[in-house]
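Asker: Have a look at this one before I ask anything.
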Amino acid sequence: MPHPSSPDTVAFAGTLTNGVFKNRGGRANWTPASTGLPTGLSATLRGLLPNPADGNVLYAGVAAKGFYKTTDGGTSWAKKRGGVSDTTDVQALAQVSSTPTFLYAGTFSQAMFRSGVGAEIWDPIASLPAGLSARAVAVDPVRVNRVYTGTFNGVYRLDVTSVPQVTTGVGSAPVALVAAHLDTLALVDLAVANSADNTVSVRSTGSGGCCSGGTSRWAAAPGPSSWRTWTGTGNGT
């Protein structure tokens, strides 16, 4: 992942159990950048996001260990406990592209969170239906208070009443199932097109009746209201 503030010289890579690595100007020049960040099988890295406005700032979400932030380019990481427990089981992170200090997070325990202050404080915004956990989160780049959450039981849309603020206790955002027929797919990621029609795409792997070990992509536009599927590298039309 090239850092947006210096894409030609600095890149970061997150690994599932071995933390974060940093590269400066060469493919073979990777060094550990995980001091203070938990690693190992009990602390899998589930999200890594840069702040495009500051090359030294990155945010990380770790399963069963919560949220972390570095302000020195990965030299050290600090745990961010504001509004959440030390054992928050983070599964996915997303960022508002126009304001990268606005973050959204999905967890294994149904809860959805947001931060308007660069991960310093987290507010609970919604809860997914019982038994579901977030596998991926994507923010609508046009309507930044609209968030899509992918689960193994379809895609849900959250319409948050306002953009993230510093205050806590914001209540519960409505959660709507917008892709029920994607049930049982092994969802990998979500993306929302940077356009007014709000096209949403889903990538999934596994069985679930769509790809059996390969990869399928689903897309909806606008809204979404009707969904279509395609495989490979096509554009879904």
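Quick note on naming: the chains in the structure tokens go A, B, ... in the order shown, residues restart at 1 in each chain, and ligands are numbered from 1 in order of appearance.
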Would you kindly return, as a list in words, each protein, DNA or RNA residue with an atom no farther than 10 Å from any atom of Gly74 (chain A), considering only C-alpha atoms and excluding same-chain residues fewer than 5 positions away?
Answerer: Phe12, Val20, Phe21, Lys22, Pro32, Ala33, Ser34, Thr35, Gly36, Leu37, Asn56, Val57, Leu58, Tyr59 and Lys69 of chain A
Asker: Keeping only C-alpha atoms, write the selected residues to a file as a PDB file, in the first residue's frame.
Answerer:
ATOM      1  CA  PHE A  12       3.286  -0.039   4.030  1.00  0.00           C
ATOM      2  CA  VAL A  20       3.105  -4.012   9.622  1.00  0.00           C
ATOM      3  CA  PHE A  21       6.140  -3.586   7.376  1.00  0.00           C
ATOM      4  CA  LYS A  22       7.472  -0.410   5.789  1.00  0.00           C
ATOM      5  CA  PRO A  32       9.231  -4.180  10.530  1.00  0.00           C
ATOM      6  CA  ALA A  33       7.113  -1.231  11.658  1.00  0.00           C
ATOM      7  CA  SER A  34       5.062  -2.779  14.457  1.00  0.00           C
ATOM      8  CA  THR A  35       6.475  -1.617  17.777  1.00  0.00           C
ATOM      9  CA  GLY A  36       3.506  -1.376  20.135  1.00  0.00           C
ATOM     10  CA  LEU A  37       1.194  -3.214  17.753  1.00  0.00           C
ATOM     11  CA  ASN A  56       3.415   9.712   9.432  1.00  0.00           C
ATOM     12  CA  VAL A  57      -0.142   8.807  10.425  1.00  0.00           C
ATOM     13  CA  LEU A  58      -1.757   5.382   9.949  1.00  0.00           C
ATOM     14  CA  TYR A  59      -4.656   3.644  11.664  1.00  0.00           C
ATOM     15  CA  LYS A  69      -2.539   4.602  15.629  1.00  0.00           C
TER      16      LYS A  69
END
Asker: If we count only C-alpha atoms and set the cut-off at 6 Å, which residues sit around region 60-68 of chain A, ignoring sequence neighbours fewer than 5 positions away in its own chain? Please answer as a list in words.
Answerer: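 Here the answer would be Ala43, Thr44, Leu45, Arg46, Gly47, Leu48, Ala78, Lys79, Lys80, Asp86, Thr87, Thr88, Asp89 and Val90 of chain A.
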Asker: Please measure the separation of CA of Phe152 (chain A) and CA of Val200 (chain A), giving the value in Å to one decimal.
Answerer: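 Computing it gives 16.5 Å between the two atoms.
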Asker: Considering only C-alpha atoms, return as a ChimeraX atom specification whatever protein or nucleic-acid residues lie within 8 Å of Phe102 (chain A), sequence-local ones (same chain, fewer than 3 positions apart) excluded.
Answerer: /A:95-96,99,114-118,164
Asker: Which of these, A:Phe108, A:Trp122, A:Trp30, A:Phe113, has the shortest distance to Val10 (chain A) once you count only C-alpha atoms?
Answerer: A:Trp30
Asker: I'd like to know which of A:Asn153, A:Asn51, A:Thr9, A:Ser76 is closest to Pro38 (chain A), using only C-alpha atoms.
Answerer: A:Ser76
Asker: May I have the residues within 7 Å of Ser133 (chain A) as a list in words, using only C-alpha atoms and disregarding those fewer than 6 positions away in the same chain?
Answerer: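 After dropping sequence-adjacent residues, the list is Thr107, Phe108, Ser109, Gln110 and Thr151 of chain A.
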Asker: Those residues you just picked out, can you put them in a file as an mmCIF file, in the first residue's frame with C-alpha atoms?
Answerer:
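Saved to out-v2.cif:
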data_model
loop_
_atom_site.group_PDB
_atom_site.id
_atom_site.type_symbol
_atom_site.label_atom_id
_atom_site.label_comp_id
_atom_site.auth_asym_id
_atom_site.auth_seq_id
_atom_site.Cartn_x
_atom_site.Cartn_y
_atom_site.Cartn_z
ATOM 1 C CA THR A 107 -16.590 -5.671 14.585
ATOM 2 C CA PHE A 108 -17.167 -9.354 15.146
ATOM 3 C CA SER A 109 -19.752 -8.624 17.846
ATOM 4 C CA GLN A 110 -22.264 -6.868 15.552
ATOM 5 C CA THR A 151 -21.384 -9.816 6.108
#
Asker: Could you state the separation of CA of Asp72 (chain A) and CA of Thr39 (chain A) in Å, given to one decimal place?
Answerer: 19.0 Å
Asker: Please report the interatomic distance between CA of Gly82 (chain A) and CA of Leu103 (chain A) in Å with one decimal.
Answerer: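 Spanning CA of Gly82 (chain A) to CA of Leu103 (chain A) is a straight-line distance of 13.6 Å.
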Asker: Write out as a list in words the residues lying within 10 Å of Val175 (chain A), counting only C-alpha atoms and excluding same-chain residues fewer than 6 positions away.
Answerer: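 Counting only the stated atoms, we get Ala126, Ser127, Leu128, Pro129, Val147, Tyr148, Thr149, Tyr156, Arg157, Leu158, Asp159 and Val160 of chain A.
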Asker: Tell me which protein, DNA and RNA residues are within 9 Å of Val192 (chain A), counting only C-alpha atoms, leaving out same-chain ones fewer than 6 positions away, and put them as an MDAnalysis selection string.
Answerer: chainID A and resid 138:141 148 198:201
Asker: Give the answer as one residue: which of A:Gln91, A:Thr75, A:Thr70, A:Thr17 has the shortest atom-to-atom distance to Pro50 (chain A), using only C-alpha atoms?
Answerer: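 Counting only C-alpha atoms, the residue closest to Pro50 (chain A) is A:Thr70.
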